[in-house]
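Novice: Handing over my_file-v8.cif, mmCIF, C-alpha atoms and all ligand atoms.
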```
data_model
#
loop_
_atom_site.label_atom_id
_atom_site.label_comp_id
_atom_site.auth_asym_id
_atom_site.auth_seq_id
_atom_site.Cartn_x
_atom_site.Cartn_y
_atom_site.Cartn_z
CA MET A 16 112.30 109.60 89.64
CA THR A 17 108.60 109.99 90.36
CA SER A 18 107.39 112.49 92.93
CA PRO A 19 106.26 111.41 96.42
CA ARG A 20 103.31 113.78 95.90
CA LYS A 21 100.12 113.06 93.96
CA THR A 22 99.79 114.18 90.34
CA TYR A 23 96.86 116.45 89.49
CA ILE A 24 95.34 116.98 86.06
CA ILE A 25 92.69 119.69 86.19
CA ALA A 26 90.28 120.64 83.41
CA ASN A 27 89.26 124.29 83.66
CA TRP A 28 86.36 124.44 81.21
CA LYS A 29 85.91 128.17 81.85
CA MET A 30 82.60 129.56 80.48
CA ASN A 31 81.94 126.62 78.15
CA PHE A 32 79.41 123.74 78.04
CA THR A 33 75.76 123.71 79.09
CA PRO A 34 74.91 121.28 81.92
CA GLY A 35 73.79 118.78 79.25
CA GLN A 36 77.06 119.08 77.31
CA ALA A 37 79.07 118.82 80.52
CA SER A 38 77.18 115.68 81.48
CA LEU A 39 77.83 114.07 78.09
CA TYR A 40 81.52 114.95 78.31
CA LEU A 41 81.72 113.37 81.79
CA GLN A 42 79.94 110.23 80.61
CA ARG A 43 82.40 109.79 77.71
CA LEU A 44 85.42 110.56 79.88
CA SER A 45 84.30 108.07 82.55
CA ASN A 46 84.23 105.31 79.95
CA ARG A 47 87.72 106.11 78.71
CA VAL A 48 89.80 107.02 81.74
CA GLN A 49 91.12 104.92 84.57
CA THR A 50 92.68 106.90 87.37
CA SER A 51 94.76 105.73 90.31
CA ARG A 52 95.40 106.74 93.90
CA ASP A 53 98.37 108.82 92.79
CA LEU A 54 96.66 110.54 89.88
CA GLN A 55 93.79 112.89 90.61
CA VAL A 56 91.75 114.13 87.66
CA ILE A 57 89.61 117.16 88.51
CA LEU A 58 86.91 118.78 86.39
CA ALA A 59 86.02 122.45 86.86
CA PRO A 60 82.75 123.18 85.06
CA SER A 61 80.65 126.34 85.29
CA THR A 62 78.86 126.75 88.63
CA ILE A 63 75.51 125.81 87.09
CA SER A 64 76.83 122.33 86.19
CA LEU A 65 78.29 121.50 89.60
CA GLN A 66 75.15 120.11 91.19
CA PRO A 67 74.08 117.83 88.29
CA LEU A 68 77.63 116.60 87.70
CA SER A 69 78.02 115.89 91.42
CA LEU A 70 75.13 113.44 91.14
CA GLN A 71 76.66 111.76 88.08
CA ILE A 72 80.33 111.69 88.95
CA ASN A 73 82.11 108.72 90.49
CA ARG A 74 84.17 110.50 93.12
CA ARG A 75 86.66 107.65 93.22
CA GLN A 76 87.40 108.35 89.56
CA PHE A 77 87.15 112.15 89.26
CA LYS A 78 86.58 115.11 91.53
CA LEU A 79 84.88 118.43 90.86
CA ALA A 80 86.24 121.93 91.36
CA ALA A 81 84.47 125.28 91.45
CA GLN A 82 85.88 127.88 89.06
CA ASN A 83 84.74 130.72 91.28
CA PHE A 84 82.70 131.62 94.38
CA TYR A 85 82.17 134.51 96.77
CA TRP A 86 84.12 134.45 100.03
CA ARG A 87 81.25 135.23 102.42
CA ASP A 88 79.20 132.24 103.56
CA PHE A 89 75.73 133.79 103.08
CA GLY A 90 73.98 137.17 102.89
CA PRO A 91 72.67 139.92 100.62
CA TYR A 92 75.12 139.52 97.70
CA THR A 93 72.93 139.41 94.60
CA GLY A 94 74.19 137.09 91.91
CA GLU A 95 76.96 135.53 93.99
CA THR A 96 77.41 131.90 95.04
CA ALA A 97 79.08 131.09 98.36
CA ILE A 98 81.46 128.18 98.70
CA SER A 99 79.25 127.09 101.63
CA GLN A 100 76.40 126.62 99.09
CA ILE A 101 78.40 124.39 96.76
CA ARG A 102 80.82 122.66 99.10
CA SER A 103 78.88 119.40 99.04
CA PHE A 104 79.34 119.23 95.23
CA VAL A 105 83.07 119.98 95.06
CA ASP A 106 86.35 118.92 96.63
CA TYR A 107 88.43 121.72 95.10
CA ALA A 108 88.04 125.37 94.07
CA ILE A 109 90.17 127.48 91.74
CA VAL A 110 91.11 130.82 93.30
CA GLY A 111 92.99 133.78 91.82
CA HIS A 112 92.95 132.65 88.20
CA SER A 113 94.41 135.42 86.03
CA GLU A 114 91.08 135.84 84.22
CA ARG A 115 89.48 136.63 87.60
CA ARG A 116 92.35 138.92 88.61
CA TYR A 117 92.55 140.93 85.40
CA LEU A 118 89.09 140.72 83.75
CA PHE A 119 87.09 140.88 86.98
CA HIS A 120 89.55 142.96 89.00
CA GLU A 121 89.81 140.62 91.97
CA SER A 122 92.18 142.07 94.52
CA GLU A 123 94.77 140.26 96.61
CA GLN A 124 92.41 140.78 99.57
CA ASP A 125 89.53 139.08 97.68
CA ILE A 126 91.81 136.19 96.79
CA ALA A 127 93.11 135.78 100.35
CA ALA A 128 89.52 135.82 101.63
CA LYS A 129 88.53 133.14 99.08
CA VAL A 130 91.46 130.88 100.01
CA ALA A 131 90.43 131.18 103.67
CA ALA A 132 86.72 130.61 102.84
CA ALA A 133 87.55 127.44 100.91
CA ILE A 134 89.62 126.06 103.79
CA ARG A 135 86.91 127.04 106.31
CA ASN A 136 84.39 125.09 104.23
CA GLY A 137 86.52 121.97 103.83
CA VAL A 138 87.34 122.61 100.15
CA THR A 139 90.90 122.53 98.78
CA PRO A 140 91.80 125.86 97.17
CA ILE A 141 93.90 125.80 94.00
CA LEU A 142 95.63 129.16 94.30
CA CYS A 143 96.78 130.50 90.91
CA ILE A 144 99.72 132.88 90.88
CA GLY A 145 101.95 134.14 88.10
CA GLU A 146 103.49 137.18 86.53
CA THR A 147 102.18 139.17 83.57
CA SER A 148 104.21 139.75 80.42
CA PHE A 149 104.83 143.33 81.57
CA GLU A 150 106.19 142.15 84.92
CA ARG A 151 108.45 139.58 83.26
CA LYS A 152 109.86 142.15 80.81
CA ASN A 153 110.54 144.50 83.71
CA GLY A 154 112.43 141.91 85.74
CA GLU A 155 109.60 141.70 88.29
CA THR A 156 108.79 137.99 87.91
CA LYS A 157 110.13 137.00 91.31
CA SER A 158 108.58 139.89 93.18
CA ALA A 159 105.19 139.35 91.50
CA ILE A 160 105.12 135.63 92.34
CA SER A 161 106.33 136.21 95.89
CA ALA A 162 103.80 138.97 96.53
CA GLN A 163 100.86 136.92 95.20
CA LEU A 164 101.91 133.89 97.22
CA HIS A 165 102.38 135.92 100.37
CA GLU A 166 99.07 137.78 99.97
CA GLY A 167 97.07 134.74 98.88
CA LEU A 168 98.15 132.76 101.94
CA HIS A 169 97.83 135.75 104.27
CA ASP A 170 95.11 134.20 106.46
CA ILE A 171 96.28 130.60 106.30
CA SER A 172 97.90 129.01 109.34
CA ALA A 173 100.81 126.57 109.29
CA GLU A 174 98.32 123.87 110.18
CA ASP A 175 96.22 124.48 107.06
CA VAL A 176 98.73 125.51 104.44
CA ASP A 177 99.40 122.04 103.07
CA LYS A 178 95.67 121.87 102.21
CA VAL A 179 96.36 124.50 99.52
CA ILE A 180 97.49 123.60 95.99
CA ILE A 181 99.52 126.24 94.15
CA ALA A 182 99.22 126.60 90.38
CA TYR A 183 101.96 128.62 88.71
CA GLU A 184 100.34 130.26 85.71
CA PRO A 185 102.49 132.77 83.88
CA VAL A 186 99.77 135.03 82.45
CA TRP A 187 101.68 135.47 79.16
CA ALA A 188 101.48 131.70 78.54
CA ILE A 189 97.67 131.41 78.81
CA SER A 190 95.66 131.14 75.61
CA SER A 191 93.26 133.93 76.60
CA THR A 192 96.20 136.41 76.74
CA LYS A 193 96.95 138.31 73.51
CA ASN A 194 100.15 137.02 71.85
CA ALA A 195 100.41 134.12 74.32
CA ARG A 196 103.59 132.08 73.98
CA PRO A 197 104.68 128.78 75.52
CA ALA A 198 106.69 128.92 78.73
CA LYS A 199 110.15 127.34 78.78
CA PRO A 200 110.65 124.45 81.20
CA ALA A 201 113.57 126.32 82.81
CA ASP A 202 111.30 129.28 83.64
CA ILE A 203 108.72 126.96 85.20
CA ALA A 204 111.41 125.12 87.16
CA ASP A 205 112.70 128.46 88.51
CA ALA A 206 109.17 129.55 89.48
CA GLN A 207 108.39 126.33 91.35
CA ASP A 208 111.72 126.58 93.13
CA LEU A 209 110.92 130.14 94.18
CA ILE A 210 107.43 129.08 95.35
CA ARG A 211 108.81 126.24 97.48
CA LYS A 212 111.58 128.43 98.91
CA GLN A 213 109.03 131.04 99.93
CA ILE A 214 106.74 128.41 101.47
CA ALA A 215 109.79 127.13 103.37
CA ARG A 216 110.52 130.64 104.66
CA LEU A 217 106.90 131.19 105.70
CA TYR A 218 105.96 127.73 106.96
CA GLY A 219 109.10 125.57 107.13
CA LYS A 220 110.95 123.17 104.85
CA ALA A 221 108.78 120.13 105.53
CA THR A 222 105.67 122.01 104.38
CA ALA A 223 107.46 123.22 101.26
CA GLU A 224 108.22 119.59 100.36
CA LYS A 225 104.63 118.52 101.02
CA ILE A 226 102.77 121.22 99.10
CA SER A 227 101.66 120.54 95.53
CA VAL A 228 102.77 122.95 92.82
CA LEU A 229 101.15 122.65 89.40
CA TYR A 230 101.88 124.26 86.06
CA GLY A 231 98.91 126.35 84.93
CA GLY A 232 100.04 127.81 81.59
CA SER A 233 98.90 126.44 78.23
CA VAL A 234 99.57 122.80 77.53
CA ASN A 235 98.31 120.40 74.89
CA ALA A 236 98.52 116.69 74.14
CA ASP A 237 102.01 117.12 72.61
CA THR A 238 103.56 119.32 75.29
CA ALA A 239 102.00 117.86 78.48
CA ALA A 240 104.65 115.17 79.03
CA GLY A 241 107.49 117.71 78.82
CA TYR A 242 105.87 119.97 81.41
CA LEU A 243 105.08 117.05 83.72
CA ALA A 244 108.75 116.06 83.65
CA ILE A 245 109.88 119.35 85.22
CA PRO A 246 111.20 118.51 88.70
CA GLY A 247 108.87 119.76 91.43
CA ILE A 248 105.86 120.15 89.13
CA ASP A 249 103.00 117.98 90.38
CA GLY A 250 100.51 118.31 87.56
CA LEU A 251 98.74 120.60 85.14
CA LEU A 252 95.85 123.04 85.13
CA VAL A 253 94.53 122.78 81.59
CA GLY A 254 92.27 125.30 79.82
CA ASP A 255 91.54 125.08 76.08
CA ALA A 256 92.94 121.57 75.61
CA SER A 257 90.54 120.21 78.24
CA LEU A 258 87.51 121.13 76.12
CA VAL A 259 88.25 118.37 73.62
CA GLY A 260 87.88 114.88 75.03
CA ASP A 261 90.65 113.38 72.87
CA SER A 262 93.27 115.92 73.84
CA PHE A 263 92.31 115.86 77.53
CA CYS A 264 92.52 112.04 77.52
CA SER A 265 95.98 112.23 75.92
CA ILE A 266 97.10 114.61 78.68
CA ILE A 267 95.81 112.20 81.33
CA GLU A 268 97.62 109.33 79.56
CA ALA A 269 100.83 111.38 79.57
CA ALA A 270 100.45 111.84 83.34
CA LYS A 271 99.94 108.11 83.82
CA ARG A 272 103.03 107.25 81.76
CA TYR A 273 105.02 109.76 83.74
CA GLN A 274 104.03 108.00 86.97
CA GLU A 275 105.07 104.55 85.78
C1 LIG B 301 94.46 128.53 82.13
O1 LIG B 301 93.59 129.37 81.94
O2 LIG B 301 94.91 128.27 83.27
C2 LIG B 301 95.02 127.84 80.97
C3 LIG B 301 96.06 127.05 81.11
O3 LIG B 301 94.37 128.07 79.81
P1 LIG B 301 94.82 127.55 78.39
O4 LIG B 301 95.19 126.11 78.53
O5 LIG B 301 93.63 127.75 77.52
O6 LIG B 301 95.99 128.37 77.99
#
```
Could I get this structure in the form of C-alpha cells?

Specialist:
Amino acid sequence: MTSPRKTYIIANWKMNFTPGQASLYLQRLSNRVQTSRDLQVILAPSTISLQPLSLQINRRQFKLAAQNFYWRDFGPYTGETAISQIRSFVDYAIVGHSERRYLFHESEQDIAAKVAAAIRNGVTPILCIGETSFERKNGETKSAISAQLHEGLHDISAEDVDKVIIAYEPVWAISSTKNARPAKPADIADAQDLIRKQIARLYGKATAEKISVLYGGSVNADTAAGYLAIPGIDGLLVGDASLVGDSFCSIIEAAKRYQE
C-alpha cells in the first residue's frame, strides 16, 4: 500500500561541485527526470550554488535545500550565512546532519535554534537524527534518537511541527563514517516507529501520522527500492550516490515505481 504522505528524494551533494558543475548536473537531470505531485526531488548544493541554481531550476520539477546556515537572521557573524539571506532560493534546509554534529561540533541548542530559524523564515527544516555506532553498541539507540528529537524540536509549537521533516540517519551507516555498514530494514522500521511514537507523545497522534520520516543512511541504485518499501519511511536523503547522475536517476525511478 502506498503512503498517504509525499515521497521525498533528496540529493545532499555535500562539499562537491563548483557552481558550473552543479548547473550542468541540474540541466542534465531536468532533461531526464519527470516528477509528480507526490514525489518531491530536492537538491542540496553548496551554499555558493544556491543563488545561480535558483535562477535555473524549474520549481515545479525540483526544489533546492540549504545544507547549512546560521540561526541568527543578521549581524556580526563573519563567514556565516543566515537562512534569511538564502530563503528566497530554497524551500528546504538540512539541519543536524551528523557531519555538522560531529565534525563541526554543533550542539543540540544550535540545532534547535536552526530548526526554529528555518520555520521562522518559511523554510522547511529536514532535521537529521540518529545514533552513533558507540551508542548502538551500548544499547543507547532509543535514548539517543529520543533525545535528539526532543531537543531538535524544543522550540517548535504544535502548530508548526508538521512543517518539519525528520531524517533518520544512523551515523554508522553513512559513507563518511569509518567502517560504515548498511542498516537493516528492521532497524530502520524500529527507528521510524520510535520517532512517530515520540511525536505522538509530544504533539498528538494525528501529527505523528502527518509528519514525514525519511531514511538518511547510505543508499544506492540497488538498495533504494528496499529502503523505500519500509513501512512509514517516506523517502531518502542520499549522499554519495547523488553525485552520479545515473545512480541518482535510478533512485528517483525506484521511488516512482514504488508509488505506482
Ligand atoms: C548522508 O550523509 O546523509 C548520506 C546518506 O551519505 P551517504 O549516502 O554518502 O552515505

Novice: In Å, how far is it from atom CA of A:Leu252 to atom CA of A:Ser191?

Specialist: 14.1 Å

Novice: Which residues sit within 7 Å of ligand LIG 301 (chain B), counting only C-alpha atoms and all ligand atoms, listed as a list in words?

Specialist: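 Result of the 7 Å neighbour search around ligand LIG 301 (chain B): Asn27, His112, Glu184, Ala188, Ile189, Ser190, Ser191, Gly231, Gly232, Ser233, Val234, Leu252, Val253, Gly254, Asp255 and Ala256 of chain A.
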
Novice: Report as JSON lines: every residue of stretch 107-220 of chain A with an atom at most 10 Å from stretch 58-72 of chain A, its closest pair of atoms, and their distance in Å to one decimal, counting all atoms listed in the file, with rows sorted by chain and ascending residue number.

Specialist:
```
{"residue": "A:Tyr107", "atom": "CA", "partner": "A:Ala59", "partner_atom": "CA", "distance": 8.6}
{"residue": "A:Ala108", "atom": "CA", "partner": "A:Ala59", "partner_atom": "CA", "distance": 8.0}
{"residue": "A:Ile109", "atom": "CA", "partner": "A:Ala59", "partner_atom": "CA", "distance": 8.1}
```

Novice: Could you please determine the separation between atom CA of A:Ala131 and atom CA of A:Phe84 in Å, to one decimal place?

Specialist: 12.1 Å

Novice: Any idea what's packed within 8 Å of A:Ala206, counting only C-alpha atoms, ignoring anything in its chain fewer than 4 positions away? Could you give it as a list in words?

Specialist: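 Listing them by chain and then by number gives Lys157, Ile160, Tyr183, Asp202 and Ile210 of chain A.
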
Novice: Generate a file of the selected residues that holds C-alpha atoms, formatted as a PDB file, keeping the file's coordinate frame.

Specialist:
```
ATOM      1  CA  LYS A 157     110.130 137.000  91.310  1.00  0.00           C
ATOM      2  CA  ILE A 160     105.120 135.630  92.340  1.00  0.00           C
ATOM      3  CA  TYR A 183     101.960 128.620  88.710  1.00  0.00           C
ATOM      4  CA  ASP A 202     111.300 129.280  83.640  1.00  0.00           C
ATOM      5  CA  ILE A 210     107.430 129.080  95.350  1.00  0.00           C
TER       6      ILE A 210
END
```

Novice: Between A:Asn73, A:Asp175, A:Asn194, A:Phe32, which has the minimum distance to A:Asn46 (counting all atoms listed in the file)?

Specialist: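 Result for the nearest residue to A:Asn46: A:Asn73.
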
Novice: May I have the residues within 12 Å of A:Gln100 as a ChimeraX atom specification, using all atoms listed in the file and disregarding those fewer than 4 positions away in the same chain?

Specialist: /A:62,65-66,81,84-90,95-96,104-105,132-133,136,138

Novice: Please list as a PyMOL selection string every residue within 10 Å of A:Pro19, counting all atoms listed in the file and excluding residues in the same chain fewer than 3 positions away.

Specialist: chain A and resi 16+22+53+224-225+249

Novice: Report the distance between atom CA of A:Gly154 and atom CA of A:Leu209 in Å, rounded to one decimal place.

Specialist: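 Going from atom CA of A:Gly154 over to atom CA of A:Leu209 covers 14.6 Å.
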
Novice: Given the choices A:Thr238, A:Gln76, A:Ser38, A:Gln207, which gets closest to A:Ser51 if the distance is worked out from only C-alpha atoms?

Specialist: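 Smallest separation from A:Ser51 among the options: A:Gln76.
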
Novice: Go through A:Arg272, A:Arg216, A:Arg75, A:Arg196 one by one, measure the shortest atom-to-atom distance of each to A:Leu243 using only C-alpha atoms, and give the residue with the smallest value.

Specialist: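 Once distances to A:Leu243 are computed over only C-alpha atoms, the minimum belongs to A:Arg272.
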
Novice: Which is closest to A:Val259 among A:Cys143, A:Met30, A:Leu44, A:Leu229, if we use only C-alpha atoms?

Specialist: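 For A:Val259, the nearest of the given residues is A:Leu44.
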
Novice: Using 3 Å of padding on each side, determine the axis-aligned box around all atoms of stretch 76-94 of chain A present in the file and give its centre and edge lengths in Å to one decimal, as JSON.

Specialist:
```
{"center_x": 80.0, "center_y": 124.1, "center_z": 96.3, "size_x": 20.7, "size_y": 37.6, "size_z": 20.5}
```

Novice: Measuring between all atoms listed in the file, which one of A:Ser265, A:Ser227, A:Ser172, A:Asn235 shows the shortest distance to A:Ile248?

Specialist: A:Ser227

Novice: My list of candidates is A:Ile126, A:Ala240, A:Ala182, A:Val48. Which is closest to A:Ala269 when distances are computed with only C-alpha atoms?

Specialist: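 With only C-alpha atoms as the atom set, the closest residue is A:Ala240.
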
Novice: Taking the partial coordinates given, rebuild stretch 59-94 of chain A to contain N, CA and C atoms; return it as a PDB file, in the frame of the given file.

Specialist:
```pdb
ATOM      1  N   ALA A  59      86.551 121.173  86.352  1.00  0.00           N
ATOM      2  CA  ALA A  59      86.020 122.450  86.860  1.00  0.00           C
ATOM      3  C   ALA A  59      85.038 123.014  85.845  1.00  0.00           C
ATOM      4  N   PRO A  60      83.762 122.648  85.977  1.00  0.00           N
ATOM      5  CA  PRO A  60      82.750 123.180  85.060  1.00  0.00           C
ATOM      6  C   PRO A  60      82.216 124.521  85.573  1.00  0.00           C
ATOM      7  N   SER A  61      81.323 125.130  84.809  1.00  0.00           N
ATOM      8  CA  SER A  61      80.650 126.340  85.290  1.00  0.00           C
ATOM      9  C   SER A  61      79.845 125.995  86.535  1.00  0.00           C
ATOM     10  N   THR A  62      79.574 126.978  87.357  1.00  0.00           N
ATOM     11  CA  THR A  62      78.860 126.750  88.630  1.00  0.00           C
ATOM     12  C   THR A  62      77.533 126.030  88.403  1.00  0.00           C
ATOM     13  N   ILE A  63      76.831 126.393  87.331  1.00  0.00           N
ATOM     14  CA  ILE A  63      75.510 125.810  87.090  1.00  0.00           C
ATOM     15  C   ILE A  63      75.568 124.290  86.871  1.00  0.00           C
ATOM     16  N   SER A  64      76.709 123.772  86.450  1.00  0.00           N
ATOM     17  CA  SER A  64      76.830 122.330  86.190  1.00  0.00           C
ATOM     18  C   SER A  64      77.304 121.541  87.407  1.00  0.00           C
ATOM     19  N   LEU A  65      77.689 122.222  88.473  1.00  0.00           N
ATOM     20  CA  LEU A  65      78.290 121.500  89.600  1.00  0.00           C
ATOM     21  C   LEU A  65      77.316 120.517  90.251  1.00  0.00           C
ATOM     22  N   GLN A  66      76.094 120.986  90.490  1.00  0.00           N
ATOM     23  CA  GLN A  66      75.150 120.110  91.190  1.00  0.00           C
ATOM     24  C   GLN A  66      74.804 118.875  90.349  1.00  0.00           C
ATOM     25  N   PRO A  67      74.379 119.047  89.061  1.00  0.00           N
ATOM     26  CA  PRO A  67      74.080 117.830  88.290  1.00  0.00           C
ATOM     27  C   PRO A  67      75.285 116.911  88.115  1.00  0.00           C
ATOM     28  N   LEU A  68      76.456 117.481  87.877  1.00  0.00           N
ATOM     29  CA  LEU A  68      77.630 116.600  87.700  1.00  0.00           C
ATOM     30  C   LEU A  68      77.982 115.889  89.011  1.00  0.00           C
ATOM     31  N   SER A  69      77.695 116.535  90.129  1.00  0.00           N
ATOM     32  CA  SER A  69      78.020 115.890  91.420  1.00  0.00           C
ATOM     33  C   SER A  69      77.163 114.633  91.622  1.00  0.00           C
ATOM     34  N   LEU A  70      75.983 114.621  91.017  1.00  0.00           N
ATOM     35  CA  LEU A  70      75.130 113.440  91.140  1.00  0.00           C
ATOM     36  C   LEU A  70      75.588 112.322  90.197  1.00  0.00           C
ATOM     37  N   GLN A  71      76.254 112.724  89.118  1.00  0.00           N
ATOM     38  CA  GLN A  71      76.660 111.760  88.080  1.00  0.00           C
ATOM     39  C   GLN A  71      78.068 111.211  88.308  1.00  0.00           C
ATOM     40  N   ILE A  72      78.901 112.019  88.910  1.00  0.00           N
ATOM     41  CA  ILE A  72      80.330 111.690  88.950  1.00  0.00           C
ATOM     42  C   ILE A  72      80.620 110.542  89.925  1.00  0.00           C
ATOM     43  N   ASN A  73      81.589 109.714  89.558  1.00  0.00           N
ATOM     44  CA  ASN A  73      82.110 108.720  90.490  1.00  0.00           C
ATOM     45  C   ASN A  73      83.305 109.371  91.179  1.00  0.00           C
ATOM     46  N   ARG A  74      83.134 109.711  92.438  1.00  0.00           N
ATOM     47  CA  ARG A  74      84.170 110.500  93.120  1.00  0.00           C
ATOM     48  C   ARG A  74      85.457 109.718  93.346  1.00  0.00           C
ATOM     49  N   ARG A  75      85.401 108.396  93.141  1.00  0.00           N
ATOM     50  CA  ARG A  75      86.660 107.650  93.220  1.00  0.00           C
ATOM     51  C   ARG A  75      87.446 107.800  91.918  1.00  0.00           C
ATOM     52  N   GLN A  76      86.736 108.196  90.852  1.00  0.00           N
ATOM     53  CA  GLN A  76      87.400 108.350  89.560  1.00  0.00           C
ATOM     54  C   GLN A  76      87.826 109.803  89.314  1.00  0.00           C
ATOM     55  N   PHE A  77      86.889 110.719  89.492  1.00  0.00           N
ATOM     56  CA  PHE A  77      87.150 112.150  89.260  1.00  0.00           C
ATOM     57  C   PHE A  77      86.612 112.957  90.432  1.00  0.00           C
ATOM     58  N   LYS A  78      87.133 114.168  90.557  1.00  0.00           N
ATOM     59  CA  LYS A  78      86.580 115.110  91.530  1.00  0.00           C
ATOM     60  C   LYS A  78      86.142 116.369  90.776  1.00  0.00           C
ATOM     61  N   LEU A  79      85.334 117.174  91.446  1.00  0.00           N
ATOM     62  CA  LEU A  79      84.880 118.430  90.860  1.00  0.00           C
ATOM     63  C   LEU A  79      85.542 119.613  91.562  1.00  0.00           C
ATOM     64  N   ALA A  80      85.726 120.672  90.791  1.00  0.00           N
ATOM     65  CA  ALA A  80      86.240 121.930  91.360  1.00  0.00           C
ATOM     66  C   ALA A  80      85.329 123.065  90.935  1.00  0.00           C
ATOM     67  N   ALA A  81      85.154 124.039  91.825  1.00  0.00           N
ATOM     68  CA  ALA A  81      84.470 125.280  91.450  1.00  0.00           C
ATOM     69  C   ALA A  81      85.482 126.167  90.727  1.00  0.00           C
ATOM     70  N   GLN A  82      84.994 126.918  89.730  1.00  0.00           N
ATOM     71  CA  GLN A  82      85.880 127.880  89.060  1.00  0.00           C
ATOM     72  C   GLN A  82      85.929 129.193  89.824  1.00  0.00           C
ATOM     73  N   ASN A  83      84.860 129.443  90.591  1.00  0.00           N
ATOM     74  CA  ASN A  83      84.740 130.720  91.280  1.00  0.00           C
ATOM     75  C   ASN A  83      83.666 130.624  92.359  1.00  0.00           C
ATOM     76  N   PHE A  84      83.727 131.510  93.333  1.00  0.00           N
ATOM     77  CA  PHE A  84      82.700 131.620  94.380  1.00  0.00           C
ATOM     78  C   PHE A  84      82.960 132.922  95.126  1.00  0.00           C
ATOM     79  N   TYR A  85      81.978 133.316  95.935  1.00  0.00           N
ATOM     80  CA  TYR A  85      82.170 134.510  96.770  1.00  0.00           C
ATOM     81  C   TYR A  85      82.669 134.049  98.134  1.00  0.00           C
ATOM     82  N   TRP A  86      83.445 134.904  98.803  1.00  0.00           N
ATOM     83  CA  TRP A  86      84.120 134.450 100.030  1.00  0.00           C
ATOM     84  C   TRP A  86      83.253 134.492 101.280  1.00  0.00           C
ATOM     85  N   ARG A  87      82.120 135.258 101.237  1.00  0.00           N
ATOM     86  CA  ARG A  87      81.250 135.230 102.420  1.00  0.00           C
ATOM     87  C   ARG A  87      80.400 133.964 102.370  1.00  0.00           C
ATOM     88  N   ASP A  88      79.932 133.514 103.527  1.00  0.00           N
ATOM     89  CA  ASP A  88      79.200 132.240 103.560  1.00  0.00           C
ATOM     90  C   ASP A  88      77.716 132.383 103.252  1.00  0.00           C
ATOM     91  N   PHE A  89      77.140 133.549 103.417  1.00  0.00           N
ATOM     92  CA  PHE A  89      75.730 133.790 103.080  1.00  0.00           C
ATOM     93  C   PHE A  89      75.495 135.302 103.154  1.00  0.00           C
ATOM     94  N   GLY A  90      74.311 135.756 102.704  1.00  0.00           N
ATOM     95  CA  GLY A  90      73.980 137.170 102.890  1.00  0.00           C
ATOM     96  C   GLY A  90      73.479 137.848 101.643  1.00  0.00           C
ATOM     97  N   PRO A  91      73.275 139.165 101.707  1.00  0.00           N
ATOM     98  CA  PRO A  91      72.670 139.920 100.620  1.00  0.00           C
ATOM     99  C   PRO A  91      73.698 140.283  99.541  1.00  0.00           C
ATOM    100  N   TYR A  92      74.106 139.304  98.739  1.00  0.00           N
ATOM    101  CA  TYR A  92      75.120 139.520  97.700  1.00  0.00           C
ATOM    102  C   TYR A  92      74.563 139.010  96.373  1.00  0.00           C
ATOM    103  N   THR A  93      73.676 139.799  95.789  1.00  0.00           N
ATOM    104  CA  THR A  93      72.930 139.410  94.600  1.00  0.00           C
ATOM    105  C   THR A  93      73.834 138.840  93.511  1.00  0.00           C
ATOM    106  N   GLY A  94      73.475 137.683  93.038  1.00  0.00           N
ATOM    107  CA  GLY A  94      74.190 137.090  91.910  1.00  0.00           C
ATOM    108  C   GLY A  94      75.388 136.252  92.306  1.00  0.00           C
TER     109      GLY A  94
END
```
